[in-house]
Amino acid sequence: MIYLIVILSVLALGTAAAALHHQRSTDAPPTPPNPADMECCGQHEVCEKESLLAAVSRQVEYYDDEELDRFRGREGSDYSATETEEFRDVLYSMRSDEVAGWVRSLQLRQVALPDEIKDEVFMIVGERRQ
């Protein structure tokens, strides 16, 4: 009986050593990440709609906000209180899953968000991503 336990132990240790050696010999050096793979993290329903990065999409989508195009080329700090409220009205009239796409659309149209609502937008997008 003792011989059987010794033989099984030796076989188990030999198998473990062979598996460890095989794992070490097949490990390849890490390859640098492909920039195309980094565009989508896979954690969102639709990465393109969730992304605020300029390189993801070039297609402009309107969210019943064509009137905001008149602000093209202005800085975020250059808006009056009334103009800021126009952006806020559009923001709170859409679903939370549309906000990131809306901001992306504004970026493509070269319309800057008013500084006063940027925190609100980032909070909505952040909550959606969690």
# chains A, B, ... in the order shown; residues from 1 in each chain; ligands from 1

$ residues_around --residues "Arg95 in chain A" --least-positions-apart "6" --cutoff "12 Å" --atoms "only C-alpha atoms" --output "compact mmCIF listing (two decimals) with all heavy atoms, in the first residue's frame"
# COMPACT_ATOMS: atom_id res chain seq x y z
N TYR A 63 -29.54 65.18 -32.79
CA TYR A 63 -30.45 64.80 -31.71
C TYR A 63 -31.50 65.91 -31.54
O TYR A 63 -31.70 66.42 -30.45
CB TYR A 63 -29.66 64.60 -30.41
CG TYR A 63 -28.73 63.41 -30.47
CD1 TYR A 63 -27.48 63.51 -31.06
CD2 TYR A 63 -29.11 62.19 -29.95
CE1 TYR A 63 -26.63 62.43 -31.13
CE2 TYR A 63 -28.28 61.10 -30.00
CZ TYR A 63 -27.03 61.22 -30.59
OH TYR A 63 -26.19 60.13 -30.65
N GLY A 101 -23.26 60.02 -27.26
CA GLY A 101 -23.38 60.20 -28.71
C GLY A 101 -23.65 61.65 -29.07
O GLY A 101 -23.14 62.16 -30.08
N TRP A 102 -24.44 62.31 -28.26
CA TRP A 102 -24.74 63.73 -28.50
C TRP A 102 -23.47 64.58 -28.36
O TRP A 102 -23.19 65.42 -29.21
CB TRP A 102 -25.81 64.21 -27.52
CG TRP A 102 -26.12 65.67 -27.59
CD1 TRP A 102 -26.61 66.35 -28.66
CD2 TRP A 102 -25.95 66.62 -26.55
NE1 TRP A 102 -26.77 67.68 -28.34
CE2 TRP A 102 -26.37 67.87 -27.05
CE3 TRP A 102 -25.50 66.54 -25.23
CZ2 TRP A 102 -26.35 69.03 -26.28
CZ3 TRP A 102 -25.49 67.70 -24.47
CH2 TRP A 102 -25.90 68.93 -24.99
N ILE A 124 -23.48 62.24 -16.11
CA ILE A 124 -24.47 61.38 -16.76
C ILE A 124 -23.76 60.26 -17.52
O ILE A 124 -24.14 59.09 -17.42
CB ILE A 124 -25.37 62.20 -17.69
CG1 ILE A 124 -26.27 63.12 -16.88
CG2 ILE A 124 -26.21 61.29 -18.58
CD1 ILE A 124 -27.03 64.16 -17.69
N VAL A 125 -22.72 60.60 -18.28
CA VAL A 125 -21.99 59.60 -19.04
C VAL A 125 -21.30 58.61 -18.09
O VAL A 125 -21.32 57.40 -18.31
CB VAL A 125 -20.97 60.25 -19.99
CG1 VAL A 125 -20.06 59.22 -20.64
CG2 VAL A 125 -21.70 61.06 -21.07
N ARG A 128 -23.77 56.17 -16.61
CA ARG A 128 -24.20 55.22 -17.63
C ARG A 128 -23.16 54.12 -17.82
O ARG A 128 -23.50 52.97 -18.02
CB ARG A 128 -24.42 55.98 -18.94
CG ARG A 128 -24.68 55.12 -20.13
CD ARG A 128 -26.10 54.67 -20.16
NE ARG A 128 -26.26 53.86 -21.37
CZ ARG A 128 -26.92 52.73 -21.39
NH1 ARG A 128 -27.54 52.31 -20.33
NH2 ARG A 128 -27.02 52.05 -22.50

$ residues_around --residues "range 82-84 of chain A" --least-positions-apart "3" --cutoff "8 Å" --atoms "only C-alpha atoms" --output "PyMOL selection string"
chain A and resi 79+87-88+114+116-117

$ residues_around --residues "Phe71 in chain A" --least-positions-apart "4" --cutoff "9 Å" --atoms "only C-alpha atoms" --output "PyMOL selection string"
chain A and resi 67+75+79+110-112

$ write_last_selection --atoms "N, CA, C and O atoms" --output "PDB file, in the first residue's frame"
ATOM      1  N   GLU A  67     -30.277  73.565 -34.134  1.00  0.00           N
ATOM      2  CA  GLU A  67     -30.134  74.983 -33.791  1.00  0.00           C
ATOM      3  C   GLU A  67     -28.818  75.279 -33.072  1.00  0.00           C
ATOM      4  O   GLU A  67     -28.356  76.417 -33.053  1.00  0.00           O
ATOM      5  N   GLU A  75     -15.902  79.085 -27.928  1.00  0.00           N
ATOM      6  CA  GLU A  75     -15.283  78.445 -26.760  1.00  0.00           C
ATOM      7  C   GLU A  75     -16.367  78.135 -25.728  1.00  0.00           C
ATOM      8  O   GLU A  75     -17.396  78.811 -25.672  1.00  0.00           O
ATOM      9  N   TYR A  79     -20.369  81.360 -23.635  1.00  0.00           N
ATOM     10  CA  TYR A  79     -21.825  81.291 -23.727  1.00  0.00           C
ATOM     11  C   TYR A  79     -22.488  82.133 -22.641  1.00  0.00           C
ATOM     12  O   TYR A  79     -22.028  82.174 -21.496  1.00  0.00           O
ATOM     13  N   GLN A 110     -18.010  70.683 -34.314  1.00  0.00           N
ATOM     14  CA  GLN A 110     -17.170  71.753 -33.771  1.00  0.00           C
ATOM     15  C   GLN A 110     -17.962  72.733 -32.919  1.00  0.00           C
ATOM     16  O   GLN A 110     -17.750  73.936 -32.954  1.00  0.00           O
ATOM     17  N   VAL A 111     -18.893  72.174 -32.145  1.00  0.00           N
ATOM     18  CA  VAL A 111     -19.692  72.961 -31.206  1.00  0.00           C
ATOM     19  C   VAL A 111     -19.233  72.573 -29.807  1.00  0.00           C
ATOM     20  O   VAL A 111     -19.389  71.420 -29.395  1.00  0.00           O
ATOM     21  N   ALA A 112     -18.654  73.511 -29.095  1.00  0.00           N
ATOM     22  CA  ALA A 112     -18.155  73.239 -27.739  1.00  0.00           C
ATOM     23  C   ALA A 112     -19.300  73.309 -26.739  1.00  0.00           C
ATOM     24  O   ALA A 112     -20.197  74.152 -26.856  1.00  0.00           O
TER      25      ALA A 112
END

$ closest_residue --among "A:Ala100, A:Leu91, A:Val60, A:Leu106" --to "Arg72 in chain A" --atoms "only C-alpha atoms"
A:Leu106

$ closest_residue --among "A:Ile2, A:Ala81, A:Leu113, A:Val99" --to "Arg129 in chain A" --atoms "only C-alpha atoms"
A:Val99

$ atom_distance --atom1 "CA of Asp97 in chain A" --atom2 "CA of Glu61 in chain A"
14.1 Å

$ closest_residue --among "A:Gly73, A:Ser96, A:Glu85, A:Ile7" --to "Phe122 in chain A" --atoms "only C-alpha atoms"
A:Ser96
